[in-house]
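Novice: Take this structure first; my questions come after.
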Amino acid sequence: MKTVIFKALTSSQVVLFPENLGDRIPSNHPVRLVSTVVDELDISSIMSNYKGGGTSSFHPRMLIKVLFYSYLSNVYSCRKIEKALQENIYFMWLAGNSTPDFRTINYFRGKRLKNQIHQLFSEVVKLLQELDFVSLDMQYIDGTKIESAANRYSFVWRKSTEKHKAKLEEKIKTVLQEIDAQIKTDNKEANQESLQNIDTALLKEKLAELNTKLKQSPKAVAKQIEVLQNEHLPRLEKYEKQLEILGDRNSYSKTDTDATFMRLKDDHMQNGQLKPAYNAQISTEEQFITHDSIYQTAGDTTTLESHLNGFESAYNKQSKDVIADAGYGSEENYEMM
């Protein structure tokens, strides 16, 4: 019977010269492309945000490489990126065996890269232009609605908020007039003040004034003041906050206040109800995305001018040809073009 021979296991052995991770990565692997592209990017604006002193920091170029490759690999969680930096040889090679934790990655992504992502994207597109992959002389523009990862049944509507706020204001006016009438009767004071528009500032001012007279007021008045203070004032503040969040929109989701309810295309179950979403606009050329922008309005007609202005701001030029479908057709857009 022949002897079975197994390959030696070296996992528990100490080696004098550690293995180079780069030897295990093919020359045409996407991770090498990410590394090369990021090495060519101008990140001076990000570097300027770092202050001297203190302990050493992870280099921003390394963190950008890690984030770019993570997104390319459909990994978006900071905890999963941290794990990959300890287990995945591609991430380990890209980071030079650095192991930033998820808090460091999250801080860099949320703070250091804030308002910098579009600039990095533009730098990549400029690199494509230098390599003659795109010319930036043509834009094919289209939009798509992206559903938010928010509760689709938790929403705020402008009409409903304005309706409830108007009813509450009328109720507050009535209560204040009743209180003033009772104080006037008890103290025989003339009160000629007329109430116009009620808001939280005016209501707080009135409550402070009434509270100074509370000791001389009957119990019924004290009860009404308590209701104004504990019930009506918080509700009025809530409605004003909701209208502030709405801005020019007609709706938003309570669990993602930036998302607006839009009618999306029917899914495989023929469900086409309103859902919290964003309107994403994309310009392409030669299968490359050259510009993108996000909007809170459902219609494409209101996005075209702003989208084109963003393109011009990013590249200091405007395309000679702009191609878009009839969804962008409006008198204002034709005049603008």
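Ligands are numbered from 1 in the order shown, chains are lettered A, B, ... in the order of the structure tokens, and residues start at 1 in each chain.
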According to DSSP computed on the backbone, where in range 12-220 of chain A is there helix (DSSP H, G or I)? Give the residues as a PyMOL selection string.

Specialist: chain A and resi 21-24+30-39+44-47+60-72+78-87+89-94+102-112+117-130+158-187+200-212+214-216+219-220

Novice: Give me the residues near range 69-74 of chain A as a list in words, where near means some atom within 8 Å (using only C-alpha atoms) and where sequence neighbours in that chain fewer than 5 positions away do not count.

Specialist: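 So the residues in contact are Val31, Val34, Ile81 and Phe91 of chain A.
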
Novice: Identify, on the basis of only C-alpha atoms, every residue whose closest approach to range 146-160 of chain A does not exceed 6 Å; exclude the query and any residue fewer than 4 positions from it along the same chain; express the result as a list in words.

Specialist: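 The contact residues come out as Asn250, Ser251, Tyr252, Ser253, Lys254, Thr255, Asp256, Lys275, Pro276, Ala277 and Tyr278 of chain A.
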
Novice: Please produce an output containing all heavy atoms for each residue in the selection, written as a PDB file, in the first residue's frame.

Specialist:
ATOM      1  N   ASN A 250     -44.360  68.733  -0.394  1.00  0.00           N
ATOM      2  CA  ASN A 250     -45.717  68.409   0.042  1.00  0.00           C
ATOM      3  C   ASN A 250     -45.752  67.285   1.074  1.00  0.00           C
ATOM      4  O   ASN A 250     -46.799  67.043   1.673  1.00  0.00           O
ATOM      5  CB  ASN A 250     -46.584  68.004  -1.159  1.00  0.00           C
ATOM      6  CG  ASN A 250     -46.871  69.173  -2.067  1.00  0.00           C
ATOM      7  OD1 ASN A 250     -47.092  70.290  -1.603  1.00  0.00           O
ATOM      8  ND2 ASN A 250     -46.841  68.935  -3.376  1.00  0.00           N
ATOM      9  N   SER A 251     -44.609  66.593   1.270  1.00  0.00           N
ATOM     10  CA  SER A 251     -44.603  65.463   2.197  1.00  0.00           C
ATOM     11  C   SER A 251     -43.177  65.124   2.592  1.00  0.00           C
ATOM     12  O   SER A 251     -42.223  65.534   1.930  1.00  0.00           O
ATOM     13  CB  SER A 251     -45.270  64.237   1.558  1.00  0.00           C
ATOM     14  OG  SER A 251     -44.517  63.799   0.434  1.00  0.00           O
ATOM     15  N   TYR A 252     -43.051  64.358   3.686  1.00  0.00           N
ATOM     16  CA  TYR A 252     -41.769  63.758   4.050  1.00  0.00           C
ATOM     17  C   TYR A 252     -42.025  62.575   4.964  1.00  0.00           C
ATOM     18  O   TYR A 252     -43.103  62.429   5.548  1.00  0.00           O
ATOM     19  CB  TYR A 252     -40.836  64.783   4.697  1.00  0.00           C
ATOM     20  CG  TYR A 252     -41.196  65.221   6.102  1.00  0.00           C
ATOM     21  CD1 TYR A 252     -40.856  64.460   7.214  1.00  0.00           C
ATOM     22  CD2 TYR A 252     -41.863  66.421   6.320  1.00  0.00           C
ATOM     23  CE1 TYR A 252     -41.156  64.869   8.496  1.00  0.00           C
ATOM     24  CE2 TYR A 252     -42.182  66.834   7.597  1.00  0.00           C
ATOM     25  CZ  TYR A 252     -41.826  66.063   8.691  1.00  0.00           C
ATOM     26  OH  TYR A 252     -42.143  66.469   9.963  1.00  0.00           O
ATOM     27  N   SER A 253     -41.016  61.713   5.082  1.00  0.00           N
ATOM     28  CA  SER A 253     -41.110  60.545   5.948  1.00  0.00           C
ATOM     29  C   SER A 253     -40.584  60.894   7.333  1.00  0.00           C
ATOM     30  O   SER A 253     -39.557  61.553   7.469  1.00  0.00           O
ATOM     31  CB  SER A 253     -40.293  59.381   5.369  1.00  0.00           C
ATOM     32  OG  SER A 253     -40.175  58.336   6.304  1.00  0.00           O
ATOM     33  N   LYS A 254     -41.270  60.435   8.371  1.00  0.00           N
ATOM     34  CA  LYS A 254     -40.849  60.732   9.737  1.00  0.00           C
ATOM     35  C   LYS A 254     -39.531  60.064  10.079  1.00  0.00           C
ATOM     36  O   LYS A 254     -38.782  60.566  10.918  1.00  0.00           O
ATOM     37  CB  LYS A 254     -41.928  60.287  10.728  1.00  0.00           C
ATOM     38  CG  LYS A 254     -43.195  61.127  10.692  1.00  0.00           C
ATOM     39  CD  LYS A 254     -44.200  60.652  11.733  1.00  0.00           C
ATOM     40  CE  LYS A 254     -45.467  61.497  11.707  1.00  0.00           C
ATOM     41  NZ  LYS A 254     -46.454  61.034  12.712  1.00  0.00           N
ATOM     42  N   THR A 255     -39.237  58.927   9.463  1.00  0.00           N
ATOM     43  CA  THR A 255     -37.991  58.210   9.763  1.00  0.00           C
ATOM     44  C   THR A 255     -36.856  58.568   8.804  1.00  0.00           C
ATOM     45  O   THR A 255     -35.738  58.099   8.984  1.00  0.00           O
ATOM     46  CB  THR A 255     -38.229  56.690   9.727  1.00  0.00           C
ATOM     47  OG1 THR A 255     -38.825  56.331   8.472  1.00  0.00           O
ATOM     48  CG2 THR A 255     -39.156  56.270  10.850  1.00  0.00           C
ATOM     49  N   ASP A 256     -37.127  59.374   7.793  1.00  0.00           N
ATOM     50  CA  ASP A 256     -36.103  59.928   6.912  1.00  0.00           C
ATOM     51  C   ASP A 256     -36.656  61.244   6.386  1.00  0.00           C
ATOM     52  O   ASP A 256     -37.290  61.292   5.334  1.00  0.00           O
ATOM     53  CB  ASP A 256     -35.778  58.974   5.760  1.00  0.00           C
ATOM     54  CG  ASP A 256     -34.677  59.521   4.851  1.00  0.00           C
ATOM     55  OD1 ASP A 256     -34.135  60.597   5.168  1.00  0.00           O
ATOM     56  OD2 ASP A 256     -34.365  58.883   3.835  1.00  0.00           O
ATOM     57  N   LYS A 275     -44.312  56.095  -2.117  1.00  0.00           N
ATOM     58  CA  LYS A 275     -43.266  55.615  -1.215  1.00  0.00           C
ATOM     59  C   LYS A 275     -42.251  56.738  -0.986  1.00  0.00           C
ATOM     60  O   LYS A 275     -42.049  57.584  -1.862  1.00  0.00           O
ATOM     61  CB  LYS A 275     -42.559  54.392  -1.817  1.00  0.00           C
ATOM     62  CG  LYS A 275     -43.472  53.194  -2.051  1.00  0.00           C
ATOM     63  CD  LYS A 275     -42.724  52.054  -2.725  1.00  0.00           C
ATOM     64  CE  LYS A 275     -43.655  50.888  -3.026  1.00  0.00           C
ATOM     65  NZ  LYS A 275     -42.955  49.800  -3.733  1.00  0.00           N
ATOM     66  N   PRO A 276     -41.585  56.756   0.172  1.00  0.00           N
ATOM     67  CA  PRO A 276     -40.538  57.756   0.403  1.00  0.00           C
ATOM     68  C   PRO A 276     -39.359  57.490  -0.524  1.00  0.00           C
ATOM     69  O   PRO A 276     -38.840  56.379  -0.575  1.00  0.00           O
ATOM     70  CB  PRO A 276     -40.169  57.556   1.880  1.00  0.00           C
ATOM     71  CG  PRO A 276     -40.562  56.144   2.173  1.00  0.00           C
ATOM     72  CD  PRO A 276     -41.768  55.852   1.319  1.00  0.00           C
ATOM     73  N   ALA A 277     -38.953  58.513  -1.261  1.00  0.00           N
ATOM     74  CA  ALA A 277     -37.925  58.295  -2.278  1.00  0.00           C
ATOM     75  C   ALA A 277     -37.180  59.581  -2.579  1.00  0.00           C
ATOM     76  O   ALA A 277     -37.507  60.660  -2.061  1.00  0.00           O
ATOM     77  CB  ALA A 277     -38.566  57.737  -3.560  1.00  0.00           C
ATOM     78  N   TYR A 278     -36.168  59.446  -3.429  1.00  0.00           N
ATOM     79  CA  TYR A 278     -35.383  60.573  -3.939  1.00  0.00           C
ATOM     80  C   TYR A 278     -35.379  60.496  -5.462  1.00  0.00           C
ATOM     81  O   TYR A 278     -35.426  59.408  -6.033  1.00  0.00           O
ATOM     82  CB  TYR A 278     -33.940  60.529  -3.430  1.00  0.00           C
ATOM     83  CG  TYR A 278     -33.810  60.643  -1.937  1.00  0.00           C
ATOM     84  CD1 TYR A 278     -33.808  59.505  -1.133  1.00  0.00           C
ATOM     85  CD2 TYR A 278     -33.692  61.880  -1.321  1.00  0.00           C
ATOM     86  CE1 TYR A 278     -33.688  59.605   0.241  1.00  0.00           C
ATOM     87  CE2 TYR A 278     -33.566  61.988   0.050  1.00  0.00           C
ATOM     88  CZ  TYR A 278     -33.566  60.848   0.821  1.00  0.00           C
ATOM     89  OH  TYR A 278     -33.455  60.943   2.179  1.00  0.00           O
TER      90      TYR A 278
END

Novice: Taking into account only C-alpha atoms, which residue in the set A:Glu331, A:Asp199, A:Glu285, A:Asp248 is nearest to Thr297 in chain A?

Specialist: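 Between A:Glu331, A:Asp199, A:Glu285, A:Asp248, the residue approaching Thr297 in chain A most closely is A:Asp248.
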
Novice: I'd like to know which of A:His232, A:Arg61, A:Lys171, A:Lys145 is closest to Leu274 in chain A, using only C-alpha atoms.

Specialist: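 Closest candidate: A:Lys145.
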
Novice: Measuring between only C-alpha atoms, which one of A:Met336, A:Asn316, A:Ile179, A:Leu308 shows the shortest distance to Tyr140 in chain A?

Specialist: A:Leu308

Novice: Between A:Ile64, A:Ile117, A:Ala8, A:Val134, which has the minimum distance to Ile289 in chain A (counting only C-alpha atoms)?

Specialist: A:Val134

Novice: Calculated over only C-alpha atoms, which of the candidates A:Leu246, A:Ala298, A:Val322, A:Leu136 has the smallest distance to Arg263 in chain A?

Specialist: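 Nearest candidate to Arg263 in chain A out of A:Leu246, A:Ala298, A:Val322, A:Leu136: A:Ala298.
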
Novice: Between CA of Lys317 in chain A and CA of Asp137 in chain A, what distance in Å does the model show, to one decimal?

Specialist: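 So the two atoms, CA of Lys317 in chain A and CA of Asp137 in chain A, lie 8.7 Å apart.
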
Novice: Just the strand (DSSP E) stuff from range 125-296 of chain A, please, per backbone DSSP, written as a ChimeraX atom specification.

Specialist: /A:138-147,155-157,251-253,260-263,274-285,288-295

Novice: Restrict the selected residues to N, CA, C and O atoms and save them as a short mmCIF file (atom, residue, chain, number, x, y, z; two decimals), in the first residue's frame.

Specialist:
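part_39.cif, freshly written:
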data_model
loop_
_atom_site.label_atom_id
_atom_site.label_comp_id
_atom_site.auth_asym_id
_atom_site.auth_seq_id
_atom_site.Cartn_x
_atom_site.Cartn_y
_atom_site.Cartn_z
N MET A 138 -20.81 65.80 -24.50
CA MET A 138 -22.15 65.25 -24.69
C MET A 138 -22.66 64.71 -23.36
O MET A 138 -21.91 64.13 -22.58
N GLN A 139 -23.95 64.94 -23.11
CA GLN A 139 -24.60 64.41 -21.92
C GLN A 139 -25.90 63.71 -22.31
O GLN A 139 -26.75 64.31 -22.96
N TYR A 140 -26.02 62.49 -21.90
CA TYR A 140 -27.31 61.80 -21.96
C TYR A 140 -27.88 61.82 -20.54
O TYR A 140 -27.29 61.24 -19.63
N ILE A 141 -28.98 62.51 -20.36
CA ILE A 141 -29.53 62.73 -19.02
C ILE A 141 -30.81 61.94 -18.83
O ILE A 141 -31.69 61.92 -19.70
N ASP A 142 -30.91 61.29 -17.70
CA ASP A 142 -32.14 60.60 -17.33
C ASP A 142 -32.21 60.55 -15.81
O ASP A 142 -31.19 60.72 -15.12
N GLY A 143 -33.39 60.32 -15.30
CA GLY A 143 -33.58 60.27 -13.86
C GLY A 143 -34.23 58.97 -13.43
O GLY A 143 -34.86 58.27 -14.23
N THR A 144 -34.06 58.65 -12.18
CA THR A 144 -34.72 57.48 -11.61
C THR A 144 -35.05 57.77 -10.16
O THR A 144 -34.31 58.49 -9.47
N LYS A 145 -36.15 57.23 -9.71
CA LYS A 145 -36.55 57.44 -8.32
C LYS A 145 -36.04 56.27 -7.48
O LYS A 145 -36.29 55.12 -7.79
N ILE A 146 -35.31 56.61 -6.43
CA ILE A 146 -34.71 55.60 -5.56
C ILE A 146 -35.46 55.60 -4.24
O ILE A 146 -35.54 56.62 -3.55
N GLU A 147 -36.03 54.45 -3.89
CA GLU A 147 -36.81 54.35 -2.65
C GLU A 147 -35.90 54.48 -1.44
O GLU A 147 -34.82 53.90 -1.38
N PHE A 155 -45.60 59.14 7.76
CA PHE A 155 -45.43 60.29 6.87
C PHE A 155 -46.09 61.54 7.43
O PHE A 155 -46.91 61.49 8.35
N VAL A 156 -45.71 62.68 6.85
CA VAL A 156 -46.30 63.98 7.17
C VAL A 156 -46.67 64.64 5.85
O VAL A 156 -45.84 64.72 4.94
N TRP A 157 -47.92 65.11 5.74
CA TRP A 157 -48.40 65.76 4.53
C TRP A 157 -48.65 67.24 4.81
O TRP A 157 -49.16 67.60 5.88
N SER A 251 -44.61 66.59 1.27
CA SER A 251 -44.60 65.46 2.20
C SER A 251 -43.18 65.12 2.59
O SER A 251 -42.22 65.53 1.93
N TYR A 252 -43.05 64.36 3.69
CA TYR A 252 -41.77 63.76 4.05
C TYR A 252 -42.02 62.57 4.96
O TYR A 252 -43.10 62.43 5.55
N SER A 253 -41.02 61.71 5.08
CA SER A 253 -41.11 60.55 5.95
C SER A 253 -40.58 60.89 7.33
O SER A 253 -39.56 61.55 7.47
N THR A 260 -38.99 62.37 0.19
CA THR A 260 -40.32 62.86 -0.19
C THR A 260 -41.12 61.70 -0.76
O THR A 260 -40.57 60.85 -1.46
N PHE A 261 -42.42 61.68 -0.49
CA PHE A 261 -43.26 60.61 -1.02
C PHE A 261 -43.51 60.83 -2.51
O PHE A 261 -43.98 61.89 -2.92
N MET A 262 -43.16 59.82 -3.30
CA MET A 262 -43.30 59.88 -4.75
C MET A 262 -43.95 58.59 -5.24
O MET A 262 -43.85 57.55 -4.59
N ARG A 263 -44.58 58.67 -6.38
CA ARG A 263 -45.17 57.48 -6.97
C ARG A 263 -44.11 56.77 -7.80
O ARG A 263 -43.66 57.26 -8.83
N LEU A 274 -47.57 55.35 -3.26
CA LEU A 274 -46.58 56.36 -2.91
C LEU A 274 -45.59 55.81 -1.89
O LEU A 274 -45.98 55.14 -0.93
N LYS A 275 -44.31 56.09 -2.12
CA LYS A 275 -43.27 55.62 -1.21
C LYS A 275 -42.25 56.74 -0.99
O LYS A 275 -42.05 57.58 -1.86
N PRO A 276 -41.59 56.76 0.17
CA PRO A 276 -40.54 57.76 0.40
C PRO A 276 -39.36 57.49 -0.52
O PRO A 276 -38.84 56.38 -0.58
N ALA A 277 -38.95 58.51 -1.26
CA ALA A 277 -37.92 58.29 -2.28
C ALA A 277 -37.18 59.58 -2.58
O ALA A 277 -37.51 60.66 -2.06
N TYR A 278 -36.17 59.45 -3.43
CA TYR A 278 -35.38 60.57 -3.94
C TYR A 278 -35.38 60.50 -5.46
O TYR A 278 -35.43 59.41 -6.03
N ASN A 279 -35.29 61.65 -6.10
CA ASN A 279 -35.22 61.71 -7.56
C ASN A 279 -33.76 61.92 -7.95
O ASN A 279 -33.21 63.01 -7.77
N ALA A 280 -33.12 60.86 -8.43
CA ALA A 280 -31.70 60.91 -8.80
C ALA A 280 -31.57 61.20 -10.29
O ALA A 280 -32.17 60.52 -11.12
N GLN A 281 -30.77 62.22 -10.63
CA GLN A 281 -30.51 62.59 -12.02
C GLN A 281 -29.07 62.22 -12.37
O GLN A 281 -28.14 62.46 -11.59
N ILE A 282 -28.89 61.62 -13.55
CA ILE A 282 -27.57 61.11 -13.95
C ILE A 282 -27.26 61.51 -15.38
O ILE A 282 -28.11 61.38 -16.27
N SER A 283 -26.05 62.00 -15.60
CA SER A 283 -25.54 62.26 -16.95
C SER A 283 -24.53 61.17 -17.30
O SER A 283 -23.70 60.80 -16.46
N THR A 284 -24.60 60.68 -18.52
CA THR A 284 -23.67 59.64 -18.95
C THR A 284 -23.06 59.99 -20.31
O THR A 284 -23.62 60.77 -21.08
N GLU A 285 -21.92 59.39 -20.54
CA GLU A 285 -21.26 59.47 -21.85
C GLU A 285 -20.40 58.22 -22.00
O GLU A 285 -19.60 57.92 -21.11
N PHE A 288 -20.16 55.80 -19.16
CA PHE A 288 -19.61 56.30 -17.89
C PHE A 288 -20.56 57.35 -17.33
O PHE A 288 -21.07 58.21 -18.05
N ILE A 289 -20.78 57.32 -16.03
CA ILE A 289 -21.53 58.38 -15.36
C ILE A 289 -20.60 59.57 -15.19
O ILE A 289 -19.53 59.46 -14.59
N THR A 290 -20.99 60.72 -15.72
CA THR A 290 -20.15 61.90 -15.65
C THR A 290 -20.65 62.94 -14.65
O THR A 290 -19.89 63.83 -14.25
N HIS A 291 -21.91 62.85 -14.26
CA HIS A 291 -22.44 63.80 -13.28
C HIS A 291 -23.70 63.22 -12.67
O HIS A 291 -24.44 62.46 -13.32
N ASP A 292 -23.94 63.57 -11.40
CA ASP A 292 -25.17 63.12 -10.74
C ASP A 292 -25.65 64.20 -9.78
O ASP A 292 -24.87 65.05 -9.33
N SER A 293 -26.94 64.17 -9.49
CA SER A 293 -27.52 65.10 -8.53
C SER A 293 -28.79 64.47 -7.96
O SER A 293 -29.40 63.61 -8.59
N ILE A 294 -29.15 64.87 -6.76
CA ILE A 294 -30.28 64.30 -6.05
C ILE A 294 -31.29 65.40 -5.75
O ILE A 294 -30.92 66.51 -5.34
N TYR A 295 -32.58 65.10 -5.95
CA TYR A 295 -33.64 66.09 -5.73
C TYR A 295 -34.77 65.50 -4.90
O TYR A 295 -34.95 64.28 -4.84
#

Novice: Find the residue from A:Gln273, A:His118, A:Asp132, A:Lys265 that sits nearest to Gly310 in chain A; use only C-alpha atoms when measuring.

Specialist: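 Looking at the shortest contact to Gly310 in chain A, the residue is A:His118.
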
Novice: Give me the residues within 9 Å of Ile245 in chain A as an MDAnalysis selection string, counting only C-alpha atoms and dropping any in the same chain fewer than 5 places off.

Specialist: chainID A and resid 240 252 257:258

Novice: How would the residues just chosen look if you wrote them out with C-alpha atoms as a tab-separated table (two decimals), in the first residue's frame?

Specialist:
chain	number	residue	atom	x	y	z
A	240	GLU	CA	-44.38	74.61	12.98
A	252	TYR	CA	-41.77	63.76	4.05
A	257	THR	CA	-37.08	63.58	6.84
A	258	ASP	CA	-35.09	64.22	3.64

Novice: Counting only C-alpha atoms, what is within 10 Å of Ser77 in chain A, bar same-chain residues fewer than 5 positions away, as a PyMOL selection string?

Specialist: chain A and resi 70-71+82-83+102+105-106

Novice: Got a sec: who's within 12 Å of Leu207 in chain A, counting only C-alpha atoms, leaving out chain neighbours fewer than 5 positions off, as a short mmCIF file (atom, residue, chain, number, x, y, z; two decimals) with all heavy atoms, in the first residue's frame?

Specialist:
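Result written to out-v7.cif:
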data_model
loop_
_atom_site.label_atom_id
_atom_site.label_comp_id
_atom_site.auth_asym_id
_atom_site.auth_seq_id
_atom_site.Cartn_x
_atom_site.Cartn_y
_atom_site.Cartn_z
N ILE A 172 -56.81 78.19 19.98
CA ILE A 172 -55.99 78.98 20.89
C ILE A 172 -56.53 80.41 20.98
O ILE A 172 -56.60 81.00 22.08
CB ILE A 172 -54.53 78.97 20.42
CG1 ILE A 172 -53.92 77.57 20.59
CG2 ILE A 172 -53.70 79.99 21.21
CD1 ILE A 172 -52.54 77.42 20.01
N VAL A 175 -59.60 80.41 23.21
CA VAL A 175 -59.26 80.25 24.63
C VAL A 175 -58.66 81.54 25.18
O VAL A 175 -59.02 81.99 26.28
CB VAL A 175 -58.29 79.08 24.83
CG1 VAL A 175 -57.80 79.03 26.27
CG2 VAL A 175 -58.95 77.77 24.44
N LEU A 176 -57.75 82.17 24.43
CA LEU A 176 -57.14 83.42 24.89
C LEU A 176 -58.17 84.52 25.03
O LEU A 176 -58.12 85.32 25.98
CB LEU A 176 -56.04 83.84 23.91
CG LEU A 176 -54.75 83.01 23.91
CD1 LEU A 176 -53.82 83.46 22.80
CD2 LEU A 176 -54.05 83.08 25.25
N ILE A 179 -60.12 83.84 28.20
CA ILE A 179 -59.33 84.19 29.38
C ILE A 179 -59.28 85.70 29.57
O ILE A 179 -59.47 86.22 30.68
CB ILE A 179 -57.91 83.61 29.27
CG1 ILE A 179 -57.95 82.08 29.32
CG2 ILE A 179 -57.00 84.15 30.37
CD1 ILE A 179 -56.61 81.42 29.07
N ASP A 180 -59.04 86.41 28.46
CA ASP A 180 -58.99 87.87 28.55
C ASP A 180 -60.32 88.44 29.00
O ASP A 180 -60.38 89.41 29.77
CB ASP A 180 -58.60 88.46 27.19
CG ASP A 180 -57.11 88.30 26.88
OD1 ASP A 180 -56.36 88.04 27.84
OD2 ASP A 180 -56.73 88.42 25.71
N THR A 200 -45.80 80.19 18.01
CA THR A 200 -45.31 79.79 19.32
C THR A 200 -44.72 80.96 20.10
O THR A 200 -44.88 81.04 21.32
CB THR A 200 -44.24 78.69 19.16
OG1 THR A 200 -43.22 79.14 18.26
CG2 THR A 200 -44.85 77.41 18.61
N ALA A 201 -44.06 81.88 19.42
CA ALA A 201 -43.46 83.02 20.11
C ALA A 201 -44.54 83.89 20.76
O ALA A 201 -44.42 84.29 21.93
CB ALA A 201 -42.62 83.85 19.13
N LEU A 202 -45.62 84.18 20.00
CA LEU A 202 -46.70 84.99 20.53
C LEU A 202 -47.42 84.26 21.66
O LEU A 202 -47.78 84.87 22.68
CB LEU A 202 -47.69 85.35 19.42
CG LEU A 202 -48.93 86.16 19.84
CD1 LEU A 202 -48.50 87.48 20.47
CD2 LEU A 202 -49.84 86.41 18.64
N THR A 212 -48.41 85.85 35.14
CA THR A 212 -48.21 86.90 36.14
C THR A 212 -49.51 87.29 36.82
O THR A 212 -49.51 87.80 37.94
CB THR A 212 -47.58 88.13 35.48
OG1 THR A 212 -48.46 88.63 34.46
CG2 THR A 212 -46.23 87.80 34.87
N LYS A 213 -50.62 87.03 36.10
CA LYS A 213 -51.93 87.37 36.66
C LYS A 213 -52.64 86.16 37.26
O LYS A 213 -53.80 86.25 37.65
CB LYS A 213 -52.83 87.97 35.56
CG LYS A 213 -52.23 89.18 34.86
CD LYS A 213 -53.14 89.65 33.74
CE LYS A 213 -52.54 90.84 33.01
NZ LYS A 213 -53.42 91.30 31.89
N LEU A 214 -51.93 85.02 37.30
CA LEU A 214 -52.58 83.76 37.67
C LEU A 214 -53.10 83.79 39.10
O LEU A 214 -54.16 83.24 39.40
CB LEU A 214 -51.59 82.60 37.49
CG LEU A 214 -52.14 81.19 37.71
CD1 LEU A 214 -53.31 80.93 36.76
CD2 LEU A 214 -51.05 80.15 37.51
N VAL A 221 -59.84 79.96 34.95
CA VAL A 221 -58.81 80.58 34.11
C VAL A 221 -57.48 79.83 34.28
O VAL A 221 -56.76 79.60 33.30
CB VAL A 221 -58.65 82.07 34.47
CG1 VAL A 221 -57.46 82.67 33.72
CG2 VAL A 221 -59.92 82.83 34.14
N ALA A 222 -57.16 79.45 35.51
CA ALA A 222 -55.92 78.72 35.75
C ALA A 222 -55.90 77.40 35.00
O ALA A 222 -54.87 76.98 34.46
CB ALA A 222 -55.76 78.47 37.25
N GLN A 224 -57.51 76.74 32.15
CA GLN A 224 -57.34 77.04 30.72
C GLN A 224 -55.89 77.38 30.40
O GLN A 224 -55.36 76.97 29.36
CB GLN A 224 -58.26 78.20 30.32
CG GLN A 224 -59.74 77.83 30.28
CD GLN A 224 -60.61 79.03 29.97
OE1 GLN A 224 -60.45 80.09 30.57
NE2 GLN A 224 -61.55 78.85 29.05
N ILE A 225 -55.22 78.11 31.28
CA ILE A 225 -53.82 78.44 31.07
C ILE A 225 -52.97 77.16 31.09
O ILE A 225 -52.04 77.01 30.29
CB ILE A 225 -53.33 79.43 32.14
CG1 ILE A 225 -54.06 80.77 31.98
CG2 ILE A 225 -51.82 79.63 32.04
CD1 ILE A 225 -53.73 81.78 33.05
N GLU A 226 -53.31 76.25 31.98
CA GLU A 226 -52.59 74.98 32.05
C GLU A 226 -52.74 74.17 30.77
O GLU A 226 -51.77 73.57 30.27
CB GLU A 226 -53.09 74.17 33.24
CG GLU A 226 -52.35 72.85 33.44
CD GLU A 226 -52.89 72.05 34.61
OE1 GLU A 226 -53.75 72.57 35.34
OE2 GLU A 226 -52.46 70.89 34.77
N VAL A 227 -53.95 74.17 30.20
CA VAL A 227 -54.17 73.47 28.93
C VAL A 227 -53.37 74.11 27.80
O VAL A 227 -52.76 73.42 26.98
CB VAL A 227 -55.68 73.45 28.58
CG1 VAL A 227 -55.90 72.91 27.17
CG2 VAL A 227 -56.45 72.61 29.59
N LEU A 228 -53.36 75.44 27.78
CA LEU A 228 -52.56 76.13 26.76
C LEU A 228 -51.08 75.78 26.88
O LEU A 228 -50.41 75.53 25.88
CB LEU A 228 -52.74 77.65 26.90
CG LEU A 228 -54.04 78.26 26.36
CD1 LEU A 228 -54.09 79.74 26.72
CD2 LEU A 228 -54.16 78.09 24.86
N GLN A 229 -50.60 75.74 28.13
CA GLN A 229 -49.18 75.50 28.37
C GLN A 229 -48.77 74.07 28.05
O GLN A 229 -47.73 73.83 27.43
CB GLN A 229 -48.87 75.82 29.84
CG GLN A 229 -47.39 75.72 30.19
CD GLN A 229 -46.59 76.94 29.75
OE1 GLN A 229 -46.99 78.07 30.01
NE2 GLN A 229 -45.48 76.72 29.06
N ASN A 230 -49.57 73.11 28.46
CA ASN A 230 -49.16 71.71 28.40
C ASN A 230 -49.66 70.96 27.17
O ASN A 230 -49.11 69.90 26.84
CB ASN A 230 -49.64 70.97 29.66
CG ASN A 230 -49.04 71.56 30.93
OD1 ASN A 230 -47.93 72.08 30.91
ND2 ASN A 230 -49.78 71.50 32.03
N HIS A 232 -51.68 72.75 24.06
CA HIS A 232 -51.74 73.50 22.81
C HIS A 232 -50.37 73.99 22.35
O HIS A 232 -50.05 73.93 21.15
CB HIS A 232 -52.69 74.70 22.96
CG HIS A 232 -54.11 74.30 23.18
ND1 HIS A 232 -54.58 73.03 22.91
CD2 HIS A 232 -55.18 75.00 23.65
CE1 HIS A 232 -55.87 72.96 23.19
NE2 HIS A 232 -56.27 74.14 23.66
N LEU A 233 -49.54 74.47 23.28
CA LEU A 233 -48.21 74.98 22.90
C LEU A 233 -47.34 73.88 22.29
O LEU A 233 -46.74 74.09 21.23
CB LEU A 233 -47.52 75.63 24.11
CG LEU A 233 -46.11 76.16 23.85
CD1 LEU A 233 -46.11 77.21 22.76
CD2 LEU A 233 -45.52 76.75 25.15
#

Novice: With a cut-off of 8 Å, could you pull out the residues of range 49-167 of chain A touching range 17-28 of chain A and give me the nearest pair of atoms for each, distance in Å to one decimal, using only C-alpha atoms, ordered by chain and ascending number, as a Markdown table?

Specialist:
| residue | atom | partner | partner_atom | distance |
| --- | --- | --- | --- | --- |
| A:Ile89 | CA | A:Leu21 | CA | 6.7 |
| A:Tyr90 | CA | A:Ile25 | CA | 7.3 |
| A:Met92 | CA | A:Leu21 | CA | 8.0 |
| A:Trp93 | CA | A:Leu21 | CA | 6.1 |

Novice: Any idea what the distance is between CA of Gln116 in chain A and CA of Arg32 in chain A?

Specialist: 23.0 Å
